[in-house]
$ cat model.txt   # compact mmCIF, C-alpha atoms and all ligand atoms
# COMPACT_ATOMS: atom_id res chain seq x y z
CA MET A 1 224.28 245.48 161.33
CA THR A 2 221.09 247.53 160.77
CA ILE A 3 220.90 249.75 157.67
CA ASP A 4 219.15 253.12 158.13
CA SER A 5 216.46 253.23 155.41
CA ALA A 6 216.75 257.02 155.00
CA THR A 7 220.52 257.36 154.71
CA HIS A 8 221.36 253.81 153.48
CA ARG A 9 224.24 253.85 155.95
CA PRO A 10 224.78 251.49 158.87
CA ALA A 11 222.59 252.68 161.72
CA PRO A 12 224.45 253.61 164.92
CA ALA A 13 224.87 250.75 167.37
CA GLU A 14 221.79 250.23 169.53
CA THR A 15 222.43 251.87 172.84
CA ASN A 16 219.16 251.48 174.74
CA PHE A 17 219.35 247.68 174.92
CA LEU A 18 221.77 246.30 177.51
CA PRO A 19 223.25 243.04 176.17
CA GLY A 20 225.29 242.16 179.30
CA PRO A 21 227.60 239.13 179.21
CA VAL A 22 226.91 236.93 176.17
CA LEU A 23 228.58 233.56 175.55
CA LEU A 24 228.77 232.37 171.94
CA LEU A 25 229.22 228.61 172.04
CA GLY A 26 229.80 226.07 169.28
CA ALA A 27 232.31 223.79 167.57
CA PRO A 28 235.31 225.16 165.65
CA GLY A 29 234.09 226.76 162.42
CA VAL A 30 230.42 227.36 163.36
CA GLY A 31 230.95 231.09 162.78
CA LYS A 32 231.39 232.40 166.33
CA GLY A 33 233.95 235.00 165.25
CA THR A 34 231.92 236.23 162.29
CA GLN A 35 228.76 236.49 164.38
CA ALA A 36 230.56 238.14 167.30
CA LYS A 37 231.75 240.88 164.94
CA SER A 38 228.17 241.52 163.73
CA LEU A 39 226.88 241.68 167.31
CA MET A 40 229.70 244.06 168.19
CA ALA A 41 228.55 246.44 165.44
CA GLU A 42 224.87 246.00 166.31
CA PHE A 43 225.18 246.58 170.05
CA GLY A 44 228.42 248.53 170.42
CA ILE A 45 230.01 246.02 172.81
CA PRO A 46 233.41 244.30 172.50
CA GLN A 47 234.14 240.80 171.26
CA ILE A 48 236.46 238.90 173.57
CA SER A 49 237.93 235.97 171.65
CA THR A 50 240.34 233.85 173.66
CA GLY A 51 241.71 232.41 170.40
CA ASP A 52 242.50 235.96 169.15
CA LEU A 53 244.02 236.92 172.51
CA LEU A 54 246.25 233.83 172.40
CA ARG A 55 247.27 234.50 168.78
CA GLY A 56 248.08 238.08 169.85
CA ASN A 57 250.41 236.66 172.52
CA ILE A 58 252.05 234.38 169.96
CA ALA A 59 252.61 237.32 167.60
CA LYS A 60 254.19 239.34 170.43
CA GLY A 61 256.35 236.40 171.52
CA THR A 62 255.19 236.46 175.16
CA GLU A 63 255.74 233.52 177.54
CA LEU A 64 252.02 232.74 177.33
CA GLY A 65 252.27 232.77 173.52
CA LYS A 66 255.21 230.34 173.61
CA THR A 67 253.30 227.93 175.86
CA ALA A 68 250.10 228.23 173.81
CA ARG A 69 251.56 227.82 170.34
CA SER A 70 252.32 224.10 170.23
CA LEU A 71 249.07 223.18 172.01
CA MET A 72 247.07 225.25 169.51
CA ASP A 73 248.92 223.69 166.58
CA GLN A 74 247.92 220.24 167.86
CA GLY A 75 244.27 221.17 168.33
CA GLN A 76 244.54 220.95 172.12
CA LEU A 77 243.43 223.40 174.77
CA VAL A 78 245.63 225.84 176.65
CA SER A 79 245.40 225.34 180.44
CA ASP A 80 242.39 226.71 182.29
CA ASP A 81 244.49 228.82 184.68
CA LEU A 82 246.28 230.65 181.87
CA VAL A 83 243.12 231.29 179.86
CA ASN A 84 241.04 232.32 182.90
CA GLN A 85 243.71 234.84 183.93
CA MET A 86 243.78 236.26 180.41
CA VAL A 87 239.98 236.67 180.48
CA ALA A 88 240.07 238.20 184.00
CA ASP A 89 242.54 240.84 182.74
CA ARG A 90 240.35 241.59 179.73
CA LEU A 91 237.18 241.88 181.84
CA ALA A 92 238.93 244.47 184.03
CA GLN A 93 238.92 246.94 181.12
CA PRO A 94 236.28 249.69 181.10
CA ASP A 95 234.73 248.93 177.69
CA VAL A 96 232.86 245.88 179.08
CA VAL A 97 230.37 247.81 181.25
CA ARG A 98 227.35 247.46 178.88
CA GLY A 99 228.25 243.90 178.02
CA TYR A 100 230.56 241.81 175.85
CA ILE A 101 230.61 238.73 173.68
CA LEU A 102 232.82 235.90 174.85
CA ASP A 103 233.84 233.95 171.75
CA GLY A 104 235.57 230.60 172.27
CA PHE A 105 235.37 230.78 176.05
CA PRO A 106 234.48 228.90 178.23
CA ARG A 107 235.68 225.68 176.59
CA THR A 108 235.87 223.42 179.67
CA LEU A 109 233.58 222.89 182.66
CA ASN A 110 236.31 224.37 184.87
CA GLN A 111 236.36 227.56 182.80
CA ALA A 112 232.54 227.69 182.87
CA GLU A 113 232.42 227.38 186.65
CA TRP A 114 235.14 230.00 186.99
CA VAL A 115 233.42 232.50 184.69
CA ASP A 116 230.02 231.92 186.36
CA ARG A 117 231.58 232.86 189.71
CA GLU A 118 233.60 235.74 188.28
CA ILE A 119 230.60 237.38 186.62
CA ALA A 120 228.22 236.74 189.53
CA SER A 121 230.74 238.44 191.86
CA LYS A 122 230.67 241.73 189.93
CA ALA A 123 228.03 244.03 191.39
CA GLY A 124 225.28 245.14 189.00
CA THR A 125 226.22 242.75 186.19
CA LEU A 126 223.39 241.03 184.29
CA PRO A 127 223.35 237.22 184.38
CA ILE A 128 225.13 235.30 181.63
CA VAL A 129 223.17 234.33 178.54
CA ALA A 130 224.51 231.57 176.27
CA ILE A 131 223.79 231.07 172.58
CA SER A 132 225.00 227.91 170.89
CA ILE A 133 225.50 227.85 167.11
CA VAL A 134 225.00 224.43 165.55
CA VAL A 135 226.40 223.37 162.15
CA SER A 136 226.77 219.89 160.57
CA TYR A 137 230.21 218.22 160.60
CA ASP A 138 230.72 218.34 156.79
CA GLN A 139 229.93 222.05 156.68
CA LEU A 140 232.40 222.70 159.48
CA LEU A 141 235.19 220.90 157.64
CA HIS A 142 234.56 223.04 154.54
CA ARG A 143 234.45 226.22 156.58
CA ILE A 144 237.65 225.48 158.47
CA THR A 145 239.80 224.30 155.58
CA GLY A 146 238.49 227.10 153.29
CA ARG A 147 238.94 229.90 155.86
CA ARG A 148 241.38 232.71 155.04
CA ILE A 149 241.99 235.75 157.24
CA SER A 150 243.39 239.24 156.65
CA PRO A 151 245.90 240.70 159.13
CA ALA A 152 243.11 243.07 160.30
CA GLY A 153 240.88 240.07 161.11
CA ARG A 154 238.48 240.05 158.14
CA ILE A 155 237.28 236.53 157.48
CA TYR A 156 236.86 235.02 153.97
CA ASN A 157 236.21 231.50 152.71
CA VAL A 158 237.58 230.18 149.42
CA TYR A 159 234.35 228.14 148.90
CA SER A 160 231.54 230.30 150.24
CA ASN A 161 232.86 233.86 150.56
CA PRO A 162 235.93 234.30 148.36
CA PRO A 163 237.64 237.68 147.95
CA VAL A 164 237.38 239.30 144.48
CA VAL A 165 241.10 238.67 143.85
CA SER A 166 242.24 235.28 145.13
CA GLY A 167 244.34 235.59 148.30
CA ILE A 168 243.88 239.38 148.66
CA CYS A 169 241.64 241.26 151.12
CA ASP A 170 238.89 243.22 149.29
CA VAL A 171 238.99 246.03 151.85
CA ASP A 172 242.67 246.85 152.40
CA GLY A 173 244.55 244.81 149.75
CA SER A 174 246.53 242.83 152.35
CA VAL A 175 247.58 239.22 151.75
CA LEU A 176 245.20 236.67 153.27
CA VAL A 177 246.60 233.85 155.39
CA GLN A 178 245.41 230.45 156.54
CA ARG A 179 245.62 229.77 160.28
CA SER A 180 248.15 227.04 161.03
CA ASP A 181 245.45 225.07 162.91
CA ASP A 182 242.92 225.22 160.05
CA SER A 183 244.26 222.09 158.29
CA GLU A 184 242.07 218.98 158.07
CA VAL A 185 244.35 217.01 160.43
CA VAL A 186 244.23 219.64 163.18
CA PHE A 187 240.49 220.18 162.57
CA THR A 188 239.86 216.50 163.40
CA GLU A 189 241.78 216.93 166.67
CA ARG A 190 239.92 220.16 167.49
CA MET A 191 236.59 218.37 166.95
CA LYS A 192 237.66 215.56 169.31
CA THR A 193 238.67 218.18 171.89
CA PHE A 194 235.30 219.91 171.40
CA GLU A 195 233.31 216.71 171.91
CA ALA A 196 235.28 215.67 175.00
CA GLN A 197 235.70 219.01 176.77
CA THR A 198 233.36 221.67 175.35
CA ALA A 199 230.15 219.71 174.63
CA PRO A 200 229.63 219.40 178.44
CA VAL A 201 229.88 223.21 178.68
CA VAL A 202 227.00 223.55 176.20
CA GLU A 203 224.95 221.16 178.38
CA HIS A 204 225.91 223.14 181.52
CA TYR A 205 224.39 226.32 180.06
CA ARG A 206 221.40 224.49 178.54
CA ARG A 207 220.57 223.30 182.08
CA GLN A 208 220.95 226.82 183.50
CA GLY A 209 218.03 227.94 181.30
CA ARG A 210 219.26 231.24 179.87
CA PHE A 211 220.27 229.37 176.71
CA GLU A 212 219.20 229.11 173.07
CA GLU A 213 220.42 227.16 170.09
CA VAL A 214 220.66 228.73 166.63
CA ASN A 215 220.98 226.91 163.30
CA GLY A 216 224.29 228.07 161.81
CA ASP A 217 223.69 226.27 158.46
CA GLN A 218 222.07 229.41 156.99
CA ALA A 219 223.19 232.66 155.37
CA VAL A 220 225.44 234.65 157.71
CA GLU A 221 222.93 237.54 157.90
CA GLN A 222 220.07 235.19 158.84
CA VAL A 223 222.15 233.63 161.62
CA THR A 224 222.82 237.16 162.95
CA VAL A 225 219.08 237.96 162.87
CA GLU A 226 218.32 234.78 164.84
CA ILE A 227 221.08 235.33 167.40
CA THR A 228 219.94 238.93 167.96
CA ALA A 229 216.33 237.76 168.45
CA ALA A 230 217.48 235.00 170.84
CA LEU A 231 219.55 237.47 172.85
CA LYS A 232 216.59 239.84 173.23
CA ARG A 233 214.29 236.98 174.30
CA LEU A 234 216.83 235.71 176.82
CA ARG A 235 217.22 239.19 178.33
CA GLN A 236 213.45 239.42 178.85
CA LYS A 237 213.46 236.33 181.06
CA GLY A 238 212.88 236.98 184.74
CA PRO A 239 215.63 236.43 187.32
CA LYS A 240 214.73 232.78 188.07
CA SER A 241 213.42 231.61 184.69
P1 LIG A 301 239.74 229.60 168.30
O1 LIG A 301 240.33 230.75 167.60
O2 LIG A 301 238.64 229.98 169.27
O3 LIG A 301 239.30 228.49 167.36
O4 LIG A 301 240.90 228.97 169.22
C1 LIG A 301 242.09 228.46 168.64
C2 LIG A 301 242.84 227.62 169.65
O5 LIG A 301 243.20 228.45 170.78
C3 LIG A 301 242.07 226.46 170.25
O6 LIG A 301 242.09 225.30 169.42
C4 LIG A 301 242.83 226.26 171.56
O7 LIG A 301 244.07 225.61 171.34
C5 LIG A 301 243.13 227.70 171.99
N1 LIG A 301 242.03 228.25 172.80
C6 LIG A 301 241.15 229.24 172.45
N2 LIG A 301 240.27 229.48 173.43
C7 LIG A 301 240.59 228.61 174.44
C8 LIG A 301 240.01 228.35 175.71
N3 LIG A 301 238.91 229.00 176.15
N4 LIG A 301 240.62 227.41 176.48
C9 LIG A 301 241.70 226.73 176.06
N5 LIG A 301 242.27 226.91 174.87
C10 LIG A 301 241.72 227.85 174.04
$ encode --input "model.txt" --output "structure tokens" --more "lines below"
Ligand code: AMP
Amino acid sequence: MTIDSATHRPAPAETNFLPGPVLLLGAPGVGKGTQAKSLMAEFGIPQISTGDLLRGNIAKGTELGKTARSLMDQGQLVSDDLVNQMVADRLAQPDVVRGYILDGFPRTLNQAEWVDREIASKAGTLPIVAISIVVSYDQLLHRITGRRISPAGRIYNVYSNPPVVSGICDVDGSVLVQRSDDSEVVFTERMKTFEAQTAPVVEHYRRQGRFEEVNGDQAVEQVTVEITAALKRLRQKGPKS
């Protein structure tokens, strides 16, 4: 978020830069959700998190939620068809016209090939840019097992970003919860799933060229600065570069 030096308030979201479709890639716990929220504020475009959409389905008790729950609790992926359909429905909404941040999707080569086709088929849409956040394994473990979330989606960490009162959201006083898949056992499974199924997706976008890697082992604000700069560079690339 940019702070206006005259008013000391957050500056309005940038509206003259067109972000287009942005993929935020990276292992569980690299900070995709946190960074997506900053980019949302900076550019005024929505975050589309497949993990959040699935958790929303679980909370509502839908059929999709029932199917997804046990897979998520074991650190495994929900099937490509179900997730692709969920993303297709979300991309049909009008708030995506200037762009959007896909967070946690695509996670398999099948999903990547599907989304490449889906986006290319929409007239007037900018090409996909992909930004991969990289963080060391030990840091990830700390981030995942220390993560606590408010019902409104604010993210804290008991080690690196604790709330003022333990277990309570600073902003709205709600009780913070730990995601059921943020235990060390499930984290290990999620990392195995990432290496086997999602690492090839990162390579897929690296090969396509409109791709940058950002070091996520830095202060949250610095990571945001670097992602924003990478996004602007990637959008200046010509159609074939
Ligand atoms: P996240 O909140 O992105 O860490 O996702 C939590 C869990 O939701 C993952 O461990 C998967 O079980 C499931 N999930 C989220 N996104 C996807 C996806 N693109 N494909 C398959 N499963 C997903």
$ closest_residue --input "model.txt" --among "A:Val185, A:Leu23, A:Leu109, A:Ala36" --to "Phe211 of chain A" --atoms "only C-alpha atoms"
A:Leu23
$ residues_near_ligand --input "model.txt" --ligand "ligand LIG 301 (chain A)" --cutoff "7 Å" --atoms "only C-alpha atoms and all ligand atoms" --output "list in words"
Pro28, Ser49, Thr50, Gly51, Asp52, Leu54, Leu71, Met72, Gly75, Gln76, Leu77, Val78, Ser79, Asp80, Val83, Asp103, Gly104, Phe105, Pro106, Arg107, Thr108 and Arg190 of chain A
$ closest_residue --input "model.txt" --among "A:Val22, A:Ala219, A:Ala152, A:Val186" --to "Asp116 of chain A" --atoms "only C-alpha atoms"
A:Val22
$ atom_distance --input "model.txt" --atom1 "atom CA of Leu234 of chain A" --atom2 "atom CA of Leu126 of chain A"
11.3 Å
$ closest_residue --input "model.txt" --among "A:Arg69, A:Gly29, A:Gly209, A:Tyr100" --to "Arg148 of chain A" --atoms "only C-alpha atoms"
A:Gly29
$ closest_residue --input "model.txt" --among "A:Ile45, A:Val129, A:Val165, A:Met40" --to "Pro94 of chain A" --atoms "all atoms listed in the file"
A:Ile45
